[in-house]
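> What follows is my_file27.tsv, made up of TSV, C-alpha atoms and all ligand atoms:
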chain	number	residue	atom	x	y	z
W	1	MET	CA	-95.92	26.62	16.83
W	2	SER	CA	-93.23	24.96	18.87
W	3	ASP	CA	-91.51	27.58	21.02
W	4	ALA	CA	-88.38	25.60	21.68
W	5	SER	CA	-85.83	24.69	19.05
W	6	ALA	CA	-85.21	20.98	18.65
W	7	SER	CA	-81.49	21.54	19.18
W	8	VAL	CA	-79.64	19.49	21.74
W	9	PRO	CA	-78.85	21.70	24.77
W	10	ALA	CA	-75.58	21.41	26.68
W	11	ASP	CA	-75.66	18.76	29.37
W	12	ALA	CA	-74.25	20.24	32.60
W	13	SER	CA	-72.87	16.82	33.68
W	14	VAL	CA	-70.77	16.49	30.52
W	15	LYS	CA	-67.29	18.07	30.39
W	16	PRO	CA	-67.47	21.21	28.23
W	17	ILE	CA	-66.11	20.86	24.69
W	18	SER	CA	-64.01	23.77	23.48
W	19	LEU	CA	-64.20	25.07	19.93
W	20	SER	CA	-60.61	23.81	19.40
W	21	ARG	CA	-61.52	20.28	20.47
W	22	PHE	CA	-64.69	20.35	18.36
W	23	LEU	CA	-62.66	21.37	15.30
W	24	ILE	CA	-59.91	18.81	15.92
W	25	GLU	CA	-62.55	16.08	16.16
W	26	GLU	CA	-64.21	17.32	12.95
W	27	GLN	CA	-60.81	17.01	11.26
W	28	ARG	CA	-59.42	13.84	12.84
W	29	ASP	CA	-62.51	11.72	13.50
W	30	LYS	CA	-64.99	12.85	10.86
W	31	GLY	CA	-62.64	14.06	8.11
W	32	GLN	CA	-65.09	16.96	7.64
W	33	ILE	CA	-62.33	19.61	7.41
W	34	ASN	CA	-58.59	19.78	6.80
W	35	ALA	CA	-55.96	21.42	9.02
W	36	ASP	CA	-56.05	24.72	7.09
W	37	LEU	CA	-59.80	25.11	7.44
W	38	ARG	CA	-59.51	24.27	11.13
W	39	LEU	CA	-56.89	26.97	11.55
W	40	LEU	CA	-59.01	29.43	9.57
W	41	ILE	CA	-62.06	28.92	11.82
W	42	GLU	CA	-59.92	29.18	14.95
W	43	VAL	CA	-58.42	32.45	13.72
W	44	VAL	CA	-61.84	33.89	12.83
W	45	ALA	CA	-63.11	32.89	16.30
W	46	ARG	CA	-60.11	34.57	17.94
W	47	ALA	CA	-60.80	37.74	15.96
W	48	CYS	CA	-64.47	37.61	17.01
W	49	LYS	CA	-63.34	37.36	20.62
W	50	ARG	CA	-61.30	40.54	20.19
W	51	ILE	CA	-64.24	42.30	18.53
W	52	SER	CA	-66.50	41.12	21.36
W	53	ILE	CA	-64.11	42.68	23.89
W	54	ALA	CA	-64.08	45.98	21.96
W	55	VAL	CA	-67.90	45.98	21.67
W	56	GLY	CA	-68.23	45.13	25.37
W	57	LYS	CA	-66.12	48.11	26.45
W	58	GLY	CA	-68.72	50.44	24.96
W	59	ALA	CA	-68.11	54.10	25.74
W	60	LEU	CA	-65.12	53.18	27.96
W	61	GLY	CA	-63.20	51.92	24.91
W	62	GLY	CA	-63.54	55.22	23.05
W	63	VAL	CA	-64.86	53.32	20.02
W	64	LEU	CA	-68.48	54.46	19.82
W	65	GLY	CA	-69.67	56.88	17.15
W	66	SER	CA	-68.87	57.52	13.53
W	67	ALA	CA	-65.43	57.13	11.95
W	68	GLY	CA	-66.23	60.00	9.59
W	69	THR	CA	-65.80	57.78	6.50
W	70	GLU	CA	-68.11	55.92	4.08
W	71	ASN	CA	-67.86	52.35	2.82
W	72	VAL	CA	-68.36	51.20	-0.78
W	73	GLN	CA	-72.13	51.05	-0.19
W	74	GLY	CA	-72.12	54.78	0.68
W	75	GLU	CA	-72.93	53.99	4.31
W	76	THR	CA	-71.32	55.94	7.13
W	77	GLN	CA	-68.75	53.78	8.88
W	78	LYS	CA	-68.73	53.51	12.65
W	79	LYS	CA	-65.40	53.46	14.47
W	80	LEU	CA	-66.19	49.87	15.45
W	81	ASP	CA	-66.84	48.93	11.78
W	82	VAL	CA	-63.32	50.07	10.93
W	83	LEU	CA	-61.74	48.48	14.00
W	84	SER	CA	-63.53	45.13	13.47
W	85	ASN	CA	-62.42	45.10	9.84
W	86	GLU	CA	-58.80	45.69	10.89
W	87	ILE	CA	-58.96	42.98	13.54
W	88	LEU	CA	-60.21	40.40	11.00
W	89	LEU	CA	-57.65	41.41	8.38
W	90	GLU	CA	-54.68	41.38	10.77
W	91	ALA	CA	-55.71	38.06	12.32
W	92	ASN	CA	-56.15	36.28	9.01
W	93	GLU	CA	-53.52	37.53	6.60
W	94	TRP	CA	-50.36	35.86	7.98
W	95	GLY	CA	-51.52	32.29	8.81
W	96	GLY	CA	-50.97	30.79	5.36
W	97	HIS	CA	-54.53	29.41	5.12
W	98	LEU	CA	-56.01	32.12	2.86
W	99	ALA	CA	-55.58	33.12	-0.76
W	100	ALA	CA	-57.45	36.45	-0.24
W	101	LEU	CA	-60.13	38.15	1.83
W	102	ALA	CA	-63.14	40.31	0.98
W	103	SER	CA	-65.01	42.55	3.38
W	104	GLU	CA	-68.27	44.45	3.19
W	105	GLU	CA	-66.29	47.46	4.38
W	106	MET	CA	-63.72	47.39	1.53
W	107	ASP	CA	-64.25	48.20	-2.14
W	108	ASP	CA	-61.98	45.44	-3.47
W	109	PRO	CA	-60.64	42.08	-2.27
W	110	HIS	CA	-57.68	42.26	0.07
W	111	PRO	CA	-54.69	40.28	-1.23
W	112	ILE	CA	-52.41	38.33	1.10
W	113	PRO	CA	-49.19	40.39	1.41
W	114	ASN	CA	-46.26	38.81	-0.48
W	115	ARG	CA	-44.27	38.26	2.71
W	116	TYR	CA	-46.77	35.64	3.88
W	117	PRO	CA	-47.59	32.19	2.42
W	118	LYS	CA	-50.92	31.72	0.64
W	119	GLY	CA	-53.51	29.02	1.20
W	120	GLU	CA	-56.46	27.50	-0.64
W	121	TYR	CA	-59.35	29.44	0.94
W	122	LEU	CA	-61.14	32.75	0.42
W	123	LEU	CA	-62.66	34.46	3.45
W	124	VAL	CA	-65.63	36.81	3.04
W	125	PHE	CA	-66.99	38.80	5.98
W	126	ASP	CA	-69.21	41.56	7.26
W	127	PRO	CA	-67.04	42.65	10.21
W	128	LEU	CA	-69.80	44.36	12.22
W	129	ASP	CA	-73.32	43.81	10.99
W	130	GLY	CA	-76.05	45.99	12.48
W	131	SER	CA	-73.51	48.62	13.46
W	132	SER	CA	-76.09	51.41	13.46
W	133	ASN	CA	-77.27	49.69	16.69
W	134	ILE	CA	-73.91	49.95	18.39
W	135	ASP	CA	-74.39	53.37	19.97
W	136	VAL	CA	-77.68	52.28	21.56
W	137	ASN	CA	-76.26	49.10	23.12
W	138	ILE	CA	-78.23	46.61	21.00
W	139	SER	CA	-76.76	43.33	19.73
W	140	VAL	CA	-74.48	43.44	16.69
W	141	GLY	CA	-72.41	40.71	15.09
W	142	THR	CA	-69.79	39.45	12.63
W	143	ILE	CA	-70.85	37.28	9.67
W	144	PHE	CA	-68.37	35.14	7.70
W	145	SER	CA	-68.27	32.77	4.76
W	146	VAL	CA	-65.47	30.53	3.46
W	147	LEU	CA	-65.02	29.55	-0.19
W	148	ARG	CA	-62.27	27.63	-1.99
W	149	CYS	CA	-60.00	29.65	-4.22
W	150	PRO	CA	-60.58	28.41	-7.79
W	151	GLU	CA	-57.99	25.93	-9.03
W	152	GLY	CA	-54.97	27.54	-10.71
W	153	VAL	CA	-55.74	31.08	-9.43
W	154	THR	CA	-52.69	32.42	-7.60
W	155	ASP	CA	-53.65	36.10	-7.33
W	156	PRO	CA	-57.40	36.07	-6.73
W	157	ASP	CA	-59.32	39.17	-7.78
W	158	GLU	CA	-63.08	39.83	-7.55
W	159	ARG	CA	-63.85	37.08	-10.11
W	160	ALA	CA	-62.44	34.38	-7.83
W	161	PHE	CA	-65.07	35.26	-5.21
W	162	LEU	CA	-68.07	35.18	-7.55
W	163	GLN	CA	-69.18	31.66	-6.61
W	164	PRO	CA	-72.71	30.61	-5.64
W	165	GLY	CA	-73.42	30.01	-1.95
W	166	THR	CA	-73.64	26.24	-2.56
W	167	ARG	CA	-69.82	26.32	-2.82
W	168	GLN	CA	-69.34	27.60	0.74
W	169	VAL	CA	-67.29	25.17	2.82
W	170	ALA	CA	-68.03	26.92	6.11
W	171	ALA	CA	-70.06	29.88	7.32
W	172	GLY	CA	-71.35	31.40	10.49
W	173	TYR	CA	-71.64	34.43	12.65
W	174	ALA	CA	-70.78	35.75	16.10
W	175	VAL	CA	-73.53	37.65	17.88
W	176	TYR	CA	-72.36	40.14	20.50
W	177	GLY	CA	-75.39	40.21	22.79
W	178	SER	CA	-75.97	39.60	26.47
W	179	SER	CA	-73.49	36.80	25.85
W	180	THR	CA	-71.23	36.33	22.82
W	181	VAL	CA	-72.20	33.28	20.77
W	182	LEU	CA	-70.39	31.90	17.72
W	183	VAL	CA	-72.64	29.91	15.39
W	184	LEU	CA	-70.91	27.68	12.86
W	185	THR	CA	-71.67	25.28	10.05
W	186	LEU	CA	-69.09	23.19	8.24
W	187	GLY	CA	-71.81	21.72	6.02
W	188	ASP	CA	-72.93	19.07	8.52
W	189	GLY	CA	-75.34	20.72	10.96
W	190	VAL	CA	-75.17	23.93	12.96
W	191	TYR	CA	-73.34	24.32	16.26
W	192	ALA	CA	-73.32	27.18	18.77
W	193	PHE	CA	-70.38	28.07	21.03
W	194	THR	CA	-70.70	30.54	23.91
W	195	LEU	CA	-67.71	32.70	24.83
W	196	ASP	CA	-66.57	31.95	28.37
W	197	ARG	CA	-65.48	35.46	29.29
W	198	GLU	CA	-63.43	34.29	32.31
W	199	GLN	CA	-61.56	31.50	30.52
W	200	GLY	CA	-61.39	33.40	27.22
W	201	GLY	CA	-62.50	30.52	24.97
W	202	PHE	CA	-65.59	29.41	23.04
W	203	VAL	CA	-67.43	26.41	24.52
W	204	LEU	CA	-69.92	24.21	22.66
W	205	THR	CA	-73.37	24.95	24.08
W	206	GLN	CA	-75.79	23.72	21.39
W	207	SER	CA	-75.42	20.94	18.83
W	208	ARG	CA	-77.40	20.43	15.63
W	209	LEU	CA	-79.66	23.46	15.97
W	210	THR	CA	-82.98	22.95	14.24
W	211	ILE	CA	-85.44	25.59	13.08
W	212	PRO	CA	-89.07	24.51	13.47
W	213	ALA	CA	-90.87	24.29	10.10
W	214	ASP	CA	-93.82	26.35	11.35
W	215	THR	CA	-93.80	29.63	13.22
W	216	GLY	CA	-96.05	32.39	14.53
W	217	GLU	CA	-93.35	35.08	14.43
W	218	PHE	CA	-92.12	37.29	11.59
W	219	ALA	CA	-89.35	39.90	11.31
W	220	ILE	CA	-89.55	42.71	8.78
W	221	ASN	CA	-89.10	46.49	8.64
W	222	MET	CA	-92.78	47.45	8.26
W	223	SER	CA	-91.97	51.09	7.51
W	224	ASN	CA	-91.22	50.06	3.91
W	225	LEU	CA	-94.68	48.54	3.37
W	226	ARG	CA	-95.78	51.17	0.88
W	227	HIS	CA	-92.81	50.30	-1.38
W	228	TRP	CA	-93.35	46.52	-1.48
W	229	GLU	CA	-94.42	44.42	-4.44
W	230	PRO	CA	-98.05	43.10	-4.38
W	231	PRO	CA	-97.18	39.47	-3.36
W	232	MET	CA	-95.14	40.79	-0.47
W	233	ARG	CA	-98.05	42.93	0.70
W	234	ARG	CA	-100.40	39.97	0.33
W	235	TYR	CA	-98.17	37.78	2.51
W	236	ILE	CA	-97.87	40.36	5.30
W	237	ASP	CA	-101.54	41.45	5.09
W	238	GLU	CA	-102.54	37.85	5.73
W	239	LEU	CA	-100.26	37.64	8.77
W	240	LEU	CA	-101.58	40.94	10.14
W	241	ALA	CA	-105.20	39.82	9.67
W	242	GLY	CA	-104.60	37.28	12.44
W	243	LYS	CA	-107.21	34.81	13.69
W	244	THR	CA	-110.07	36.19	11.60
W	245	GLY	CA	-107.99	36.33	8.39
W	246	PRO	CA	-107.09	33.62	5.84
W	247	ARG	CA	-104.33	32.17	8.07
W	248	GLY	CA	-106.75	31.68	10.99
W	249	ARG	CA	-104.16	32.54	13.68
W	250	ASP	CA	-102.39	35.52	15.20
W	251	PHE	CA	-98.76	36.29	14.35
W	252	ASN	CA	-96.24	38.23	16.42
W	253	MET	CA	-93.61	40.63	15.05
W	254	ARG	CA	-89.97	41.28	16.07
W	255	TRP	CA	-87.39	43.49	14.31
W	256	VAL	CA	-83.99	44.14	15.87
W	257	ALA	CA	-82.46	45.69	12.72
W	258	SER	CA	-79.33	43.60	13.33
W	259	MET	CA	-79.58	40.61	11.02
W	260	VAL	CA	-77.38	38.50	13.30
W	261	ALA	CA	-79.73	39.06	16.25
W	262	ASP	CA	-82.87	38.39	14.19
W	263	VAL	CA	-81.37	35.23	12.65
W	264	HIS	CA	-80.14	34.06	16.04
W	265	ARG	CA	-83.65	34.35	17.45
W	266	ILE	CA	-84.98	32.35	14.50
W	267	LEU	CA	-82.35	29.63	15.03
W	268	THR	CA	-83.37	29.50	18.67
W	269	ARG	CA	-87.18	29.47	18.42
W	270	GLY	CA	-88.19	29.72	14.76
W	271	GLY	CA	-89.58	32.59	12.72
W	272	ILE	CA	-89.30	34.16	9.29
W	273	PHE	CA	-86.91	37.03	8.49
W	274	ILE	CA	-87.65	39.11	5.41
W	275	TYR	CA	-85.83	41.98	3.76
W	276	PRO	CA	-87.74	42.09	0.47
W	277	ARG	CA	-87.03	43.85	-2.77
W	278	ASP	CA	-88.85	47.19	-2.75
W	279	LEU	CA	-89.73	49.79	-5.32
W	280	LYS	CA	-88.23	52.74	-3.43
W	281	ASP	CA	-85.03	52.50	-5.47
W	282	THR	CA	-85.44	50.00	-8.32
W	283	SER	CA	-81.69	50.03	-8.99
W	284	LYS	CA	-81.26	48.09	-5.73
W	285	PRO	CA	-82.77	44.59	-5.68
W	286	GLY	CA	-82.95	44.54	-1.87
W	287	LYS	CA	-80.82	45.97	0.93
W	288	LEU	CA	-78.78	43.01	2.12
W	289	ARG	CA	-75.56	41.84	0.52
W	290	LEU	CA	-75.48	38.41	-1.14
W	291	MET	CA	-71.88	37.47	-0.32
W	292	TYR	CA	-71.56	39.01	3.16
W	293	GLU	CA	-75.01	38.46	4.66
W	294	ALA	CA	-77.44	36.38	2.56
W	295	ASN	CA	-75.17	33.47	1.58
W	296	PRO	CA	-73.61	32.71	4.96
W	297	MET	CA	-76.97	33.08	6.75
W	298	ALA	CA	-78.72	30.96	4.10
W	299	PHE	CA	-76.10	28.21	4.55
W	300	VAL	CA	-76.58	28.25	8.33
W	301	VAL	CA	-80.39	28.32	8.06
W	302	GLU	CA	-80.54	25.47	5.51
W	303	GLN	CA	-78.17	23.40	7.63
W	304	ALA	CA	-80.61	23.91	10.53
W	305	GLY	CA	-83.50	22.59	8.42
W	306	GLY	CA	-84.89	25.99	7.44
W	307	ALA	CA	-85.19	27.58	3.99
W	308	ALA	CA	-83.70	30.70	2.40
W	309	THR	CA	-84.84	32.32	-0.85
W	310	THR	CA	-84.82	35.65	-2.64
W	311	GLY	CA	-88.62	35.37	-2.77
W	312	ARG	CA	-88.19	33.70	-6.14
W	313	GLU	CA	-85.19	31.35	-6.01
W	314	ARG	CA	-82.96	29.61	-3.50
W	315	ILE	CA	-80.36	32.11	-2.24
W	316	LEU	CA	-77.53	29.54	-2.38
W	317	ASP	CA	-78.15	29.02	-6.12
W	318	VAL	CA	-77.70	32.70	-7.04
W	319	VAL	CA	-74.56	33.11	-9.15
W	320	PRO	CA	-73.01	36.42	-8.06
W	321	THR	CA	-72.05	38.98	-10.68
W	322	GLN	CA	-70.55	41.49	-8.23
W	323	LEU	CA	-68.82	41.25	-4.88
W	324	HIS	CA	-71.13	43.81	-3.26
W	325	GLN	CA	-74.33	42.60	-4.97
W	326	ARG	CA	-77.62	42.95	-3.06
W	327	VAL	CA	-80.49	40.46	-2.94
W	328	PRO	CA	-83.92	40.22	-1.33
W	329	VAL	CA	-83.82	37.80	1.62
W	330	PHE	CA	-86.53	35.47	2.96
W	331	LEU	CA	-85.21	32.98	5.50
W	332	GLY	CA	-86.19	30.87	8.49
W	333	SER	CA	-89.02	28.45	9.17
W	334	ARG	CA	-89.45	26.38	6.04
W	335	ASN	CA	-93.23	26.46	5.63
W	336	GLU	CA	-93.43	30.26	5.90
W	337	VAL	CA	-90.49	30.86	3.53
W	338	GLU	CA	-92.04	28.48	1.01
W	339	ARG	CA	-95.43	30.20	1.27
W	340	ALA	CA	-94.01	33.71	0.80
W	341	THR	CA	-91.92	32.44	-2.14
W	342	ARG	CA	-94.96	30.77	-3.70
W	343	TYR	CA	-96.92	34.06	-3.55
W	344	HIS	CA	-94.14	35.77	-5.52
W	345	LEU	CA	-93.88	33.01	-8.12
W	346	ASP	CA	-97.68	32.86	-8.51
W	347	ALA	CA	-97.82	36.64	-9.01
W	348	ASP	CA	-95.03	36.44	-11.64
W	349	ALA	CA	-96.89	33.65	-13.47
W	350	SER	CA	-100.27	35.43	-13.58
Z	1	LIG	P1	-76.28	48.39	9.45
Z	1	LIG	O1	-75.07	47.47	9.56
Z	1	LIG	O2	-76.03	49.56	8.56
Z	1	LIG	O3	-76.81	48.77	10.79
Z	1	LIG	O4	-77.40	47.55	8.68
Z	1	LIG	C1	-77.87	46.37	9.26
Z	1	LIG	C2	-78.54	45.54	8.22
Z	1	LIG	O5	-77.68	45.31	7.13
Z	1	LIG	C3	-79.04	44.22	8.79
Z	1	LIG	O6	-78.24	43.73	9.82
Z	1	LIG	C4	-80.44	44.53	9.26
Z	1	LIG	O7	-81.29	43.43	9.23
Z	1	LIG	C5	-80.90	45.59	8.27
Z	1	LIG	O8	-79.71	46.21	7.75
Z	1	LIG	C6	-81.76	46.64	8.90
Z	1	LIG	O9	-82.24	47.49	7.93
Z	1	LIG	P2	-83.25	48.72	8.27
Z	1	LIG	O10	-82.43	49.74	8.99
Z	1	LIG	O11	-83.72	49.16	6.93
Z	1	LIG	O12	-84.34	48.17	9.13
Would you mind writing the file out in structure tokens?

Amino acid sequence: MSDASASVPADASVKPISLSRFLIEEQRDKGQINADLRLLIEVVARACKRISIAVGKGALGGVLGSAGTENVQGETQKKLDVLSNEILLEANEWGGHLAALASEEMDDPHPIPNRYPKGEYLLVFDPLDGSSNIDVNISVGTIFSVLRCPEGVTDPDERAFLQPGTRQVAAGYAVYGSSTVLVLTLGDGVYAFTLDREQGGFVLTQSRLTIPADTGEFAINMSNLRHWEPPMRRYIDELLAGKTGPRGRDFNMRWVASMVADVHRILTRGGIFIYPRDLKDTSKPGKLRLMYEANPMAFVVEQAGGAATTGRERILDVVPTQLHQRVPVFLGSRNEVERATRYHLDADAS
């Protein structure tokens, strides 16, 4: 396994490139984005900076602990979940670049108020992923995905959002860890920008991140093992058997329980992240949300040369039927994702 990602690190002798300059060059020189999409990404980044500041204040900001409410998934909302959601809504609704927004924390899509102009894009986000980690000072993050509003739709409802992940025009996440890093794809590679806390702006620190095809590291919540399907057990049993097992090598395990942090590690040094379907509650085909977590992360991972499946099909090909739909997620180093997927397909066929 290669420990280092093949991404191009920042060269200290080169003048730092700000996120704004990167986006302007993507628009002007490469024609990769238009002015509205540039504005949208800048606004999302600004909101992430505000969330990063709130997260960084910790107990001093009075924002730790539960908000005493539940979201549409029936999960208890943290004060920071609610605050992050408000920050993203407020930042994005007046700029004229969006037709509507949808958040993991809200039952229904959020329309753009009539007093503001509307744009051609739909923004989908998980404002604070991994928020159960917030009170114990472990990394959390914001995940976002951008879709085009379907032609001719002026008042987008849930149906406008139900597009497969292949239609995303941009996606990414901000991880609020020992430093705050914004990871972005516009459909042509993956770029990482570190927040300069003194200057207050995001600076390009890694270009064209690449996930190694092979890995010796896996991320999964092992406490669910007894609920897994047989091919899932087979895959993990083989990893756990180590050198003397069928894989002939030892594997290491990591599980942060913040998807952003686990995916960020995989983008940095490889690995496979799995949240499989389990038989604990057969009404739920997995824990993670297709539109808010799986699709944006799958877009990023594929753009970095990795793979992302549900264990049976490519995540980006799944046609959503509900805004808050859940899917199993297998993503990261290509050869491991393909192997785990093959085990599931072989089991289905036999
Ligand atoms: P929370 O946002 O409720 O903390 O959930 C985080 C998450 O959606 C994802 O970020 C983690 O990978 C996963 O759930 C952790 O799930 P377990 O708690 O079952 O390990």
> Do you know which residues lie at most 12 Å from (-58.2, 44.2, 15.1), with coordinates as in the file and only C-alpha atoms counted, and could you write them as a PyMOL selection string?
chain W and resi 43-44+46-55+79-93+127-128
> Can you spit out the residues from that selection as a JSON list (two decimals), in the coordinates of the input, using C-alpha atoms?

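See result.json below for the written result:
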[["chain", "number", "residue", "atom", "x", "y", "z"],
["W", 43, "VAL", "CA", -58.42, 32.45, 13.72],
["W", 44, "VAL", "CA", -61.84, 33.89, 12.83],
["W", 46, "ARG", "CA", -60.11, 34.57, 17.94],
["W", 47, "ALA", "CA", -60.80, 37.74, 15.96],
["W", 48, "CYS", "CA", -64.47, 37.61, 17.01],
["W", 49, "LYS", "CA", -63.34, 37.36, 20.62],
["W", 50, "ARG", "CA", -61.30, 40.54, 20.19],
["W", 51, "ILE", "CA", -64.24, 42.30, 18.53],
["W", 52, "SER", "CA", -66.50, 41.12, 21.36],
["W", 53, "ILE", "CA", -64.11, 42.68, 23.89],
["W", 54, "ALA", "CA", -64.08, 45.98, 21.96],
["W", 55, "VAL", "CA", -67.90, 45.98, 21.67],
["W", 79, "LYS", "CA", -65.40, 53.46, 14.47],
["W", 80, "LEU", "CA", -66.19, 49.87, 15.45],
["W", 81, "ASP", "CA", -66.84, 48.93, 11.78],
["W", 82, "VAL", "CA", -63.32, 50.07, 10.93],
["W", 83, "LEU", "CA", -61.74, 48.48, 14.00],
["W", 84, "SER", "CA", -63.53, 45.13, 13.47],
["W", 85, "ASN", "CA", -62.42, 45.10, 9.84],
["W", 86, "GLU", "CA", -58.80, 45.69, 10.89],
["W", 87, "ILE", "CA", -58.96, 42.98, 13.54],
["W", 88, "LEU", "CA", -60.21, 40.40, 11.00],
["W", 89, "LEU", "CA", -57.65, 41.41, 8.38],
["W", 90, "GLU", "CA", -54.68, 41.38, 10.77],
["W", 91, "ALA", "CA", -55.71, 38.06, 12.32],
["W", 92, "ASN", "CA", -56.15, 36.28, 9.01],
["W", 93, "GLU", "CA", -53.52, 37.53, 6.60],
["W", 127, "PRO", "CA", -67.04, 42.65, 10.21],
["W", 128, "LEU", "CA", -69.80, 44.36, 12.22]]
> Between CA of Gly271 in chain W and CA of Met291 in chain W, what distance in Å does the model show, to one decimal?
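Rounded to one decimal, the two atoms are 22.5 Å apart.
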> Find the nearest atom pair between each residue of chain W and ligand LIG 1 (chain Z) for residues within 8 Å, count all atoms listed in the file, give distances in Å to one decimal, sort rows by chain and ascending number, and present the table as a tab-separated table.

residue	atom	partner	partner_atom	distance
W:Glu75	CA	Z:LIG1	O2	6.9
W:Leu128	CA	Z:LIG1	O1	6.7
W:Asp129	CA	Z:LIG1	O1	4.3
W:Gly130	CA	Z:LIG1	O3	3.3
W:Ser131	CA	Z:LIG1	O3	4.2
W:Ser132	CA	Z:LIG1	O3	3.8
W:Asn133	CA	Z:LIG1	O3	6.0
W:Val140	CA	Z:LIG1	O6	7.8
W:Ile220	CA	Z:LIG1	O12	7.6
W:Asn221	CA	Z:LIG1	O12	5.1
W:Trp255	CA	Z:LIG1	O12	7.6
W:Val256	CA	Z:LIG1	O7	7.2
W:Ala257	CA	Z:LIG1	C6	4.0
W:Ser258	CA	Z:LIG1	O6	3.7
W:Met259	CA	Z:LIG1	O6	3.6
W:Val260	CA	Z:LIG1	O6	6.3
W:Asp262	CA	Z:LIG1	O7	7.2
W:Tyr275	CA	Z:LIG1	O7	7.3
W:Lys287	CA	Z:LIG1	O8	6.9
W:Leu288	CA	Z:LIG1	O5	5.6
W:Arg289	CA	Z:LIG1	O5	7.8
W:Glu293	CA	Z:LIG1	O5	7.8
> May I ask for the distance between CA of Asp108 in chain W and CA of Glu120 in chain W, given in Å to one decimal place?
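These atoms are spaced 19.0 Å apart.
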> What does the structure give for the distance between CA of Ser66 in chain W and CA of Asn137 in chain W, in Å to one decimal?
14.7 Å
> Give the answer as one residue: which of W:Leu184, W:Val136, W:Leu345, W:His110 has the shortest atom-to-atom distance to Phe202 in chain W, using only C-alpha atoms?
W:Leu184
> Which is closest to Val318 in chain W among W:Ala340, W:Ile24, W:Leu40, W:Leu290, if we use all atoms listed in the file?
W:Leu290
> Within 8 Å of Pro164 in chain W, counting only C-alpha atoms, which residues show up once you throw out same-chain ones fewer than 6 positions away? Write them as a ChimeraX atom specification, please.
/W:316-320
